[in-house]
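Structure file protein22.txt with compact mmCIF, C-alpha atoms:
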# COMPACT_ATOMS: atom_id res chain seq x y z
CA MET A 635 50.94 94.48 107.02
CA LYS A 636 48.37 96.52 105.12
CA LEU A 637 47.31 100.04 106.02
CA ALA A 638 43.70 100.41 107.07
CA SER A 639 42.69 103.50 105.13
CA ILE A 640 43.57 105.87 102.33
CA GLU A 641 44.29 108.54 104.97
CA GLU A 642 46.93 106.32 106.60
CA LYS A 643 48.45 105.55 103.23
CA LEU A 644 48.64 109.26 102.46
CA LYS A 645 50.32 109.99 105.81
CA GLU A 646 52.90 107.27 105.15
CA ARG A 647 53.58 108.59 101.66
CA ILE A 648 54.08 112.13 103.04
CA LYS A 649 56.56 110.76 105.60
CA GLU A 650 58.45 108.93 102.84
CA LEU A 651 58.65 111.99 100.60
CA THR A 652 59.69 114.15 103.53
CA CYS A 653 62.41 111.63 104.39
CA LEU A 654 63.77 111.62 100.83
CA TYR A 655 63.74 115.43 100.73
CA GLU A 656 65.60 115.69 104.04
CA ILE A 657 68.21 113.14 102.94
CA SER A 658 68.74 114.93 99.62
CA GLN A 659 69.27 118.19 101.57
CA ILE A 660 71.73 116.51 103.96
CA ILE A 661 73.71 115.10 101.05
CA SER A 662 73.73 118.29 98.98
CA GLN A 663 74.98 120.36 101.93
CA SER A 664 77.77 117.92 102.89
CA ASN A 665 81.36 118.30 101.73
CA SER A 666 82.52 114.87 102.88
CA VAL A 667 81.30 111.44 103.95
CA ASN A 668 81.56 111.32 107.74
CA ASN A 669 79.78 109.88 110.77
CA GLN A 670 77.84 113.08 111.43
CA VAL A 671 76.32 113.02 107.93
CA LEU A 672 75.48 109.31 108.18
CA GLN A 673 73.91 109.85 111.61
CA GLU A 674 71.69 112.60 110.21
CA ILE A 675 70.62 110.29 107.37
CA ILE A 676 69.57 107.42 109.64
CA LEU A 677 67.75 109.78 112.02
CA SER A 678 65.77 111.12 109.08
CA THR A 679 65.13 107.56 107.85
CA LYS A 680 63.71 106.55 111.24
CA LYS A 681 60.91 109.12 111.00
CA ALA A 682 59.60 107.61 107.76
CA TRP A 683 58.71 104.17 109.17
CA HIS A 684 55.20 103.35 110.29
CA TYR A 685 56.21 102.36 113.83
CA ASN A 686 59.02 104.87 114.05
CA ASP A 687 59.02 104.99 117.87
CA GLU A 688 60.05 101.34 117.90
CA ALA A 689 62.27 101.41 114.81
CA ILE A 690 66.07 101.31 115.07
CA ILE A 691 67.99 102.29 111.94
CA GLU A 692 71.44 100.78 111.48
CA ILE A 693 74.01 101.63 108.83
CA GLN A 694 77.29 99.87 108.22
CA ILE A 695 79.48 101.34 105.53
CA LEU A 696 83.20 101.74 104.91
CA ASP A 697 84.68 102.10 108.41
CA SER A 698 81.44 103.26 110.06
CA ASN A 699 78.83 101.27 111.97
CA LEU A 700 76.11 103.53 113.37
CA SER A 701 72.57 103.13 114.69
CA THR A 702 69.86 105.40 116.03
CA SER A 703 69.93 103.52 119.35
CA ILE A 704 71.53 100.44 120.89
CA ILE A 705 70.28 97.11 119.56
CA ASN A 706 70.09 95.05 122.76
CA GLU A 707 67.54 92.36 121.84
CA GLN A 708 66.59 90.07 118.98
CA THR A 709 65.04 91.93 116.05
CA VAL A 710 63.24 91.51 112.80
CA TYR A 711 64.49 93.80 110.07
CA GLN A 712 64.36 95.12 106.56
CA THR A 713 67.69 95.61 104.83
CA SER A 714 69.07 97.06 101.64
CA PRO A 715 72.68 96.70 100.40
CA ILE A 716 74.74 99.76 99.54
CA THR A 717 76.64 99.06 96.33
CA ILE A 718 79.04 101.01 94.10
CA THR A 719 79.74 99.62 90.63
CA LYS A 720 78.34 96.24 91.70
CA ASN A 721 80.61 96.11 94.78
CA ASN A 722 78.82 95.74 98.10
CA ILE A 723 80.29 98.32 100.50
CA GLY A 724 77.73 98.08 103.31
CA TYR A 725 74.05 98.08 104.16
CA ILE A 726 71.26 100.00 105.84
CA LYS A 727 68.73 98.16 108.06
CA VAL A 728 65.50 98.99 109.85
CA HIS A 729 64.95 96.91 113.00
CA TYR A 730 61.85 96.19 115.10
CA PRO A 731 61.99 94.25 118.41
CA ARG A 732 61.20 90.59 117.71
CA SER A 733 59.27 90.36 120.98
CA ARG A 734 56.55 92.66 119.67
CA PHE A 735 56.85 92.60 115.86
CA THR A 736 57.12 90.21 112.95
CA GLU A 737 58.28 90.71 109.35
CA ASP A 738 54.64 91.30 108.41
CA TYR A 739 54.74 94.70 110.10
CA PHE A 740 57.05 96.05 107.37
CA LEU A 741 55.39 97.68 104.39
CA ALA A 742 56.31 96.94 100.76
CA ASP A 743 56.61 100.69 100.14
CA GLU A 744 59.04 100.92 103.07
CA GLN A 745 61.34 98.39 101.38
CA LYS A 746 61.23 100.48 98.19
CA LEU A 747 62.04 103.58 100.24
CA LEU A 748 64.94 101.80 101.94
CA ASP A 749 66.31 100.72 98.55
CA THR A 750 66.09 104.31 97.33
CA ILE A 751 67.91 105.61 100.44
CA ALA A 752 70.65 103.00 99.96
CA HIS A 753 71.00 104.09 96.33
CA GLU A 754 71.27 107.77 97.33
CA ILE A 755 73.93 106.96 99.92
CA ALA A 756 75.89 104.95 97.34
CA ASN A 757 75.75 107.84 94.84
CA PHE A 758 76.85 110.25 97.56
CA ILE A 759 79.87 108.13 98.49
CA GLU A 760 80.80 107.43 94.87
CA LYS A 761 80.68 111.14 94.07
CA HIS A 762 83.11 111.98 96.87
CA GLN A 763 85.40 109.09 95.94
CA ILE A 764 85.56 110.48 92.40
CA LEU A 765 86.24 113.97 93.77
CA GLU A 766 89.07 112.63 95.95
CA LYS A 767 90.61 110.79 93.01
CA THR A 768 90.29 113.92 90.87
CA THR A 769 91.99 115.98 93.57
CA LEU A 770 94.85 113.47 93.79
CA LEU A 771 95.17 113.43 90.00
CA ASN A 772 95.31 117.24 89.90
CA GLN A 773 97.97 117.22 92.62
CA THR A 774 99.98 114.70 90.61
CA ILE A 775 99.70 116.83 87.46
CA GLU A 776 100.70 119.93 89.44
CA ARG A 777 103.68 118.08 90.88
CA MET A 778 104.74 116.92 87.41
CA ASP A 779 104.54 120.52 86.16
CA ARG A 780 106.71 121.68 89.06
CA LEU A 781 109.22 118.91 88.44
CA ASN A 782 109.31 119.89 84.77
CA ILE A 783 110.12 123.51 85.72
CA PHE A 784 112.65 122.24 88.24
CA GLY A 785 114.23 120.05 85.56
CA GLN A 786 114.64 122.99 83.21
CA MET A 787 116.25 125.05 85.96
CA THR A 788 118.46 122.15 86.99
CA ALA A 789 119.93 121.85 83.50
CA GLY A 790 121.24 125.43 83.64
CA ILE A 791 122.30 125.29 87.28
CA SER A 792 124.14 122.00 86.81
CA HIS A 793 126.13 123.39 83.91
CA GLU A 794 127.24 126.42 85.94
CA LEU A 795 128.09 124.32 89.00
CA ASN A 796 130.08 121.82 86.96
CA THR A 797 132.20 124.63 85.56
CA THR A 798 132.84 126.06 89.05
CA LEU A 799 133.59 122.66 90.54
CA GLY A 800 136.00 121.97 87.68
CA ASN A 801 137.93 125.12 88.58
CA ILE A 802 137.99 124.20 92.28
CA LEU A 803 139.19 120.70 91.47
CA GLY A 804 141.84 121.92 89.03
CA PHE A 805 143.35 124.49 91.40
CA ALA A 806 143.19 122.10 94.36
CA GLU A 807 145.11 119.46 92.42
CA LEU A 808 147.65 122.10 91.36
CA ILE A 809 148.17 123.13 95.01
CA LYS A 810 148.52 119.48 96.01
CA ILE A 811 151.27 118.93 93.41
CA ASN A 812 153.28 121.97 94.58
CA ASN A 813 152.68 121.52 98.32
CA ALA A 814 155.18 120.00 100.74
CA ASP A 815 153.30 120.53 104.03
CA PRO A 816 151.61 117.27 105.20
CA GLU A 817 148.84 119.13 107.08
CA ILE A 818 147.93 121.19 104.03
CA ASP A 819 148.16 118.08 101.88
CA SER A 820 145.54 116.38 104.06
CA ASP A 821 143.20 119.39 103.82
CA ILE A 822 143.65 119.63 100.06
CA SER A 823 142.81 115.92 99.72
CA ILE A 824 139.54 116.56 101.55
CA ILE A 825 138.75 119.44 99.16
CA ILE A 826 139.55 117.29 96.11
CA ASN A 827 137.40 114.39 97.33
CA ALA A 828 134.52 116.72 98.18
CA ALA A 829 134.75 118.42 94.77
CA ILE A 830 134.76 115.07 92.96
CA TYR A 831 131.76 113.89 94.96
CA SER A 832 129.91 117.18 94.41
CA ARG A 833 130.58 116.96 90.69
CA ASP A 834 129.03 113.48 90.64
CA VAL A 835 125.99 114.75 92.53
CA VAL A 836 125.53 117.65 90.12
CA LYS A 837 125.78 115.22 87.23
CA LYS A 838 123.03 113.13 88.79
CA LEU A 839 120.82 116.21 89.18
CA MET A 840 120.65 116.24 85.40
CA TYR A 841 118.29 113.32 85.93
CA PHE A 842 115.49 115.87 86.30
CA SER A 843 116.03 117.42 82.90
CA THR A 844 117.69 114.80 80.70
CA GLU A 845 117.61 111.07 80.25
CA ILE A 846 120.94 110.33 81.96
CA PRO A 847 120.82 106.60 82.77
CA GLN A 848 121.28 105.54 86.35
CA GLN A 849 124.26 103.39 87.19
CA LEU A 850 122.27 100.71 88.93
CA LYS A 851 124.31 97.75 90.10
CA LEU A 852 124.16 95.16 92.81
CA GLN A 853 126.42 96.33 95.61
CA PRO A 854 126.76 96.23 99.42
CA LEU A 855 124.77 98.82 101.36
CA GLN A 856 126.87 99.15 104.49
CA PRO A 857 129.80 101.11 102.93
CA ILE A 858 127.42 103.59 101.26
CA ILE A 859 125.40 104.33 104.39
CA THR A 860 128.47 104.36 106.64
CA PHE A 861 130.15 106.87 104.30
CA ALA A 862 127.11 109.19 104.33
CA VAL A 863 126.99 109.23 108.15
CA ALA A 864 130.79 109.69 108.44
CA PHE A 865 130.74 112.46 105.84
CA LEU A 866 128.43 114.49 108.09
CA LYS A 867 130.47 113.92 111.26
CA PRO A 868 131.43 117.64 111.47
CA ASN A 869 127.73 118.56 111.27
CA PHE A 870 126.88 116.17 114.10
CA LEU A 871 129.72 117.51 116.26
CA LYS A 872 128.83 121.14 115.60
CA LYS A 873 125.25 120.56 116.75
CA ASP A 874 126.36 118.25 119.63
CA ILE A 875 124.20 115.42 118.28
CA LYS A 876 125.03 111.73 118.29
CA SER A 877 124.33 109.30 115.47
CA GLU A 878 123.38 105.67 115.97
CA LEU A 879 123.75 103.35 112.99
CA ILE A 880 122.08 99.91 113.22
CA PHE A 881 122.41 97.20 110.58
CA GLU A 882 120.31 94.07 111.03
CA ASP A 883 122.30 92.48 108.19
CA ASN A 884 125.80 93.77 107.48
CA THR A 885 126.06 91.75 104.27
CA LEU A 886 122.92 93.10 102.61
CA ASN A 887 123.29 93.93 98.90
CA SER A 888 120.89 95.86 96.70
CA LYS A 889 120.69 97.04 93.10
CA ILE A 890 121.12 100.79 93.49
CA ASP A 891 122.91 103.87 92.22
CA SER A 892 125.38 104.55 95.03
CA VAL A 893 125.77 108.27 94.30
CA GLN A 894 122.02 108.85 94.25
CA LEU A 895 121.44 106.84 97.42
CA THR A 896 124.22 108.80 99.15
CA GLN A 897 122.53 112.00 98.06
CA VAL A 898 119.23 110.80 99.53
CA LEU A 899 120.86 109.96 102.86
CA LEU A 900 122.76 113.25 103.06
CA ASN A 901 119.62 115.30 102.40
CA LEU A 902 117.56 113.43 105.01
CA LEU A 903 120.34 113.49 107.61
CA LEU A 904 121.03 117.19 107.11
CA ASN A 905 117.32 117.91 107.64
CA ALA A 906 117.33 115.73 110.77
CA ILE A 907 120.40 117.53 112.14
CA TYR A 908 118.83 120.92 111.39
CA ALA A 909 115.63 120.03 113.28
CA SER A 910 117.20 118.19 116.22
CA PRO A 911 118.02 119.74 119.60
CA LYS A 912 121.46 119.46 121.19
CA LYS A 913 122.34 116.25 123.06
CA SER A 914 119.78 114.28 121.04
CA ILE A 915 120.32 111.14 118.95
CA ILE A 916 119.60 110.52 115.29
CA ARG A 917 119.08 106.81 114.71
CA ILE A 918 119.60 105.18 111.30
CA THR A 919 118.27 101.62 111.07
CA ILE A 920 118.62 99.28 108.11
CA LYS A 921 116.27 96.28 107.98
CA ASN A 922 115.09 93.96 105.24
CA ASP A 923 112.67 91.22 104.38
CA THR A 924 112.82 88.81 101.44
CA LYS A 925 111.89 91.46 98.86
CA ASN A 926 112.64 94.93 100.24
CA LEU A 927 115.09 96.86 102.37
CA PHE A 928 114.00 99.57 104.78
CA ILE A 929 116.16 102.52 105.79
CA THR A 930 114.69 104.38 108.76
CA ILE A 931 115.96 107.77 109.95
CA GLU A 932 114.57 108.90 113.32
CA ASP A 933 115.15 112.25 114.97
CA HIS A 934 113.76 113.94 118.08
CA GLY A 935 113.38 117.38 116.58
CA THR A 936 110.48 119.75 116.09
CA GLY A 937 108.52 117.37 113.87
CA ILE A 938 106.45 118.15 110.77
CA PRO A 939 102.98 119.70 111.22
CA GLU A 940 100.19 117.51 109.85
CA ASN A 941 98.94 120.23 107.49
CA ILE A 942 102.21 120.37 105.52
CA LYS A 943 103.17 116.68 105.36
CA GLN A 944 101.67 116.39 101.89
CA LYS A 945 103.78 119.34 100.65
CA ILE A 946 107.25 118.52 101.92
CA PHE A 947 108.27 116.65 98.74
CA ASP A 948 107.13 119.48 96.46
CA PRO A 949 109.94 121.40 94.72
CA PHE A 950 110.76 124.75 96.35
CA PHE A 951 108.58 124.09 99.41
CA THR A 952 110.50 124.85 102.59
CA THR A 953 109.83 125.93 106.16
CA LYS A 954 113.41 127.11 106.69
CA PRO A 955 114.25 130.82 106.84
CA ILE A 956 115.43 132.63 103.70
CA ASN A 957 119.01 131.70 102.73
CA GLU A 958 118.87 128.54 104.84
CA GLY A 959 116.91 126.35 102.46
CA TYR A 960 115.51 126.39 98.95
CA GLY A 961 113.06 123.50 99.15
CA LEU A 962 114.90 121.21 96.74
CA GLY A 963 116.39 118.55 99.04
CA LEU A 964 113.28 116.46 99.72
CA SER A 965 112.08 116.86 96.13
CA VAL A 966 115.36 115.35 94.94
CA VAL A 967 115.00 112.59 97.55
CA TYR A 968 111.47 111.77 96.40
CA SER A 969 112.41 111.60 92.72
CA ILE A 970 115.48 109.44 93.33
CA ILE A 971 113.52 106.97 95.47
CA LYS A 972 110.77 106.77 92.83
CA SER A 973 113.37 106.19 90.12
CA HIS A 974 114.58 103.19 92.14
CA ASN A 975 110.98 101.84 92.17
CA GLY A 976 110.86 102.57 95.88
CA GLU A 977 108.68 104.51 98.30
CA ILE A 978 109.31 107.02 101.06
CA PHE A 979 107.05 107.57 104.05
CA VAL A 980 107.04 110.14 106.83
CA LYS A 981 105.45 109.79 110.26
CA ASP A 982 105.67 111.31 113.72
CA ASN A 983 108.28 110.08 116.16
CA LEU A 984 106.60 110.16 119.55
CA PRO A 985 106.83 112.11 121.76
CA THR A 986 108.67 114.49 119.41
CA GLY A 987 110.44 114.31 116.10
CA THR A 988 110.10 112.78 112.67
CA ILE A 989 110.68 109.35 111.14
CA PHE A 990 111.48 108.92 107.44
CA ILE A 991 111.21 105.37 106.08
CA ILE A 992 112.72 104.48 102.72
CA LYS A 993 111.50 101.27 101.11
CA LEU A 994 113.58 99.93 98.22
CA PRO A 995 113.38 96.65 96.33
CA ILE A 996 116.43 94.48 96.96
CA GLN A 997 116.49 93.41 93.30
Write the structure described by the file as structure tokens, please.
Amino acid sequence: MKLASIEEKLKERIKELTCLYEISQIISQSNSVNNQVLQEIILSTKKAWHYNDEAIIEIQILDSNLSTSIINEQTVYQTSPITITKNNIGYIKVHYPRSRFTEDYFLADEQKLLDTIAHEIANFIEKHQILEKTTLLNQTIERMDRLNIFGQMTAGISHELNTTLGNILGFAELIKINNADPEIDSDISIIINAAIYSRDVVKKLMYFSTEIPQQLKLQPLQPIITFAVAFLKPNFLKKDIKSELIFEDNTLNSKIDSVQLTQVLLNLLLNAIYASPKKSIIRITIKNDTKNLFITIEDHGTGIPENIKQKIFDPFFTTKPINEGYGLGLSVVYSIIKSHNGEIFVKDNLPTGTIFIIKLPIQ
């Protein structure tokens, strides 16, 4: 369709320029790509078309599908794809009712305008995608810096703890040799075993500061997980909490470092016990598919607020009171899981509580 006069052409050009100005303002004042911003863009677009009272603007992009009004009849339309680095991520369309319009009612300049709007939207989305990636990269760099500091501290702390644990172990063994009381002998054996285990854990903490190789070997999972749960039996009893251990496959083997995996389980279970109310149940479930095993720890405690879920694996981040936690447990867990080429996820356990899911490759 051609415009009848220069005056009409000028009016249409003013509408187009006004539309582009409004959209540039909307984009420049927006901190994120959301439905409200997209709705404002298509409302502004609608005003620029010659028959704007009849026009319906539709945009489909990412997870959004919006329009200025409901499309409830057959239409004719102009469309322009929204592309980022040659990838089509959506489109923007201008519809007229087919009962009263044909394609001839669209102006060539309107198609150019629509292409420009699509290009502006694509630039807007690409910019925020780059900003999000930059933010994630900065968070990763910050985390690496923290882990580096943590590693340096761990080297000194581990040395001091190893010396202390050596003294405890030496004196405990000396008492065991000279003791004749069976009850004391049993208690001393517990101390010796705990000291030996703690010494192994401290040795593994050197992973953060030195290149100590992991002792990865194919071994059964059930004894490791059963030991970790049994080791914390006094903690469960003290809090009056029950544990429920479920293996879907009792014979499952995996290539792991048993000491490090035990450390992961102890840290997660201790956190679950700390957060759980009395008379509740902490459920540990072990599942697998052909490639991965999944260890799930569910509690019914206070849960983790959404605004801190991204921080819980950071070194020294803790929500516990002073002297009750130093914010190292989950950081150690995260690093050990990553060193096993695994992943760890956290989600809410409805109606209350937290679920940690560990995903590890079987081989």
Pick out the residues sitting within 8 Å of segment 754-767 of chain A, and hand them over as a ChimeraX atom specification; count only C-alpha atoms, and ignore anything fewer than 5 positions along from it in its own chain. /A:658,661,666-667,716-718
Keeping only C-alpha atoms, take the residues you just selected and write them out as a compact mmCIF listing (two decimals), keeping the file's coordinate frame.
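Just written: out33.txt:
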# COMPACT_ATOMS: atom_id res chain seq x y z
CA SER A 658 68.74 114.93 99.62
CA ILE A 661 73.71 115.10 101.05
CA SER A 666 82.52 114.87 102.88
CA VAL A 667 81.30 111.44 103.95
CA ILE A 716 74.74 99.76 99.54
CA THR A 717 76.64 99.06 96.33
CA ILE A 718 79.04 101.01 94.10
Could you name the residues that touch Ile705 of chain A at 10 Å or less, counting all atoms listed in the file, but leaving out those on the same chain fewer than 5 positions away, as an mmCIF file with C-alpha atoms, in the frame of the given file?
data_model
loop_
_atom_site.group_PDB
_atom_site.id
_atom_site.type_symbol
_atom_site.label_atom_id
_atom_site.label_comp_id
_atom_site.auth_asym_id
_atom_site.auth_seq_id
_atom_site.Cartn_x
_atom_site.Cartn_y
_atom_site.Cartn_z
ATOM 1 C CA ILE A 690 66.070 101.310 115.070
ATOM 2 C CA ILE A 691 67.990 102.290 111.940
ATOM 3 C CA GLU A 692 71.440 100.780 111.480
ATOM 4 C CA HIS A 729 64.950 96.910 113.000
ATOM 5 C CA TYR A 730 61.850 96.190 115.100
ATOM 6 C CA PRO A 731 61.990 94.250 118.410
#
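The residue that comes closest to Glu932 of chain A, out of A:Asp743, A:Glu977, A:Glu878, A:Asp948 and on the basis of all atoms listed in the file, is A:Glu878.
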Atom CA of Pro854 of chain A and atom CA of Ile991 of chain A are how many Å apart? 19.2 Å
Point (71.6, 102.4, 117.7), cut-off 12 Å, counting all atoms listed in the file, residues as a ChimeraX atom specification: /A:673,676-677,680,688-694,699-707,727-730
Could you check which residues have any atom within 12 Å of (64.9, 114.4, 100.3), counting all atoms listed in the file with coordinates taken straight from the file, and then list them as a short mmCIF file (atom, residue, chain, number, x, y, z; two decimals) with C-alpha atoms, in the frame of the given file?
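What landed in result33.cif:
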data_model
loop_
_atom_site.label_atom_id
_atom_site.label_comp_id
_atom_site.auth_asym_id
_atom_site.auth_seq_id
_atom_site.Cartn_x
_atom_site.Cartn_y
_atom_site.Cartn_z
CA ILE A 648 54.08 112.13 103.04
CA LYS A 649 56.56 110.76 105.60
CA GLU A 650 58.45 108.93 102.84
CA LEU A 651 58.65 111.99 100.60
CA THR A 652 59.69 114.15 103.53
CA CYS A 653 62.41 111.63 104.39
CA LEU A 654 63.77 111.62 100.83
CA TYR A 655 63.74 115.43 100.73
CA GLU A 656 65.60 115.69 104.04
CA ILE A 657 68.21 113.14 102.94
CA SER A 658 68.74 114.93 99.62
CA GLN A 659 69.27 118.19 101.57
CA ILE A 660 71.73 116.51 103.96
CA ILE A 661 73.71 115.10 101.05
CA SER A 662 73.73 118.29 98.98
CA GLN A 663 74.98 120.36 101.93
CA ILE A 675 70.62 110.29 107.37
CA SER A 678 65.77 111.12 109.08
CA THR A 679 65.13 107.56 107.85
CA ALA A 682 59.60 107.61 107.76
CA LEU A 747 62.04 103.58 100.24
CA THR A 750 66.09 104.31 97.33
CA ILE A 751 67.91 105.61 100.44
CA GLU A 754 71.27 107.77 97.33
CA ILE A 755 73.93 106.96 99.92
#
Given all atoms listed in the file as the basis, pick out the residue of A:Leu899, A:Leu672, A:Val710, A:Leu879 nearest to Asp697 of chain A. A:Leu672
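Picture a line from atom CA of Thr986 of chain A to atom CA of Ile970 of chain A; it runs 27.4 Å.
Between atom CA of Leu866 of chain A and atom CA of Asn801 of chain A there is a distance of 24.2 Å.
Using all atoms listed in the file, the residues found no farther than 8 Å from Asn901 of chain A, other than those of its own chain fewer than 4 positions away, are A:Gln897, A:Asn905, A:Gly963, A:Leu964, A:Val967.
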Once you have the residues from the selection above, write them out as a short mmCIF file (atom, residue, chain, number, x, y, z; two decimals), keeping the file's coordinate frame, restricted to C-alpha atoms.
data_model
loop_
_atom_site.label_atom_id
_atom_site.label_comp_id
_atom_site.auth_asym_id
_atom_site.auth_seq_id
_atom_site.Cartn_x
_atom_site.Cartn_y
_atom_site.Cartn_z
CA GLN A 897 122.53 112.00 98.06
CA ASN A 905 117.32 117.91 107.64
CA GLY A 963 116.39 118.55 99.04
CA LEU A 964 113.28 116.46 99.72
CA VAL A 967 115.00 112.59 97.55
#
Please determine, counting only C-alpha atoms, which residue among A:Gln712, A:Val671, A:Lys681, A:Phe979 has the shortest atom-to-atom distance to Ser698 of chain A. A:Val671
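Shell of Leu984 of chain A at 10 Å, with all atoms listed in the file counted and residues fewer than 2 places along the chain excluded, is A:Asp933, A:His934, A:Gly937, A:Lys981, A:Asp982, A:Thr986, A:Gly987, A:Thr988, A:Ile989.
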Just want the 12 Å neighbourhood of Ala906 of chain A, counted on all atoms listed in the file, with same-chain residues fewer than 2 positions away dropped. Output as an MDAnalysis selection string. chainID A and resid 863 866 869:870 873 875:877 899:904 908:912 914:918 930:938 964 983 987:990
Residue nearest Ser714 of chain A - candidates A:Lys746, A:Arg732, A:Lys921, A:His974, atoms counted: all atoms listed in the file: A:Lys746
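Nearest residue to Lys851 of chain A, choosing from A:Ile695, A:Ile890, A:Ile920, A:Leu741 and counting all atoms listed in the file: A:Ile890.
If all atoms listed in the file are the atoms counted, then among A:Lys643, A:Pro995, A:Pro857, A:Ala742 the closest residue to Lys972 of chain A is A:Pro995.
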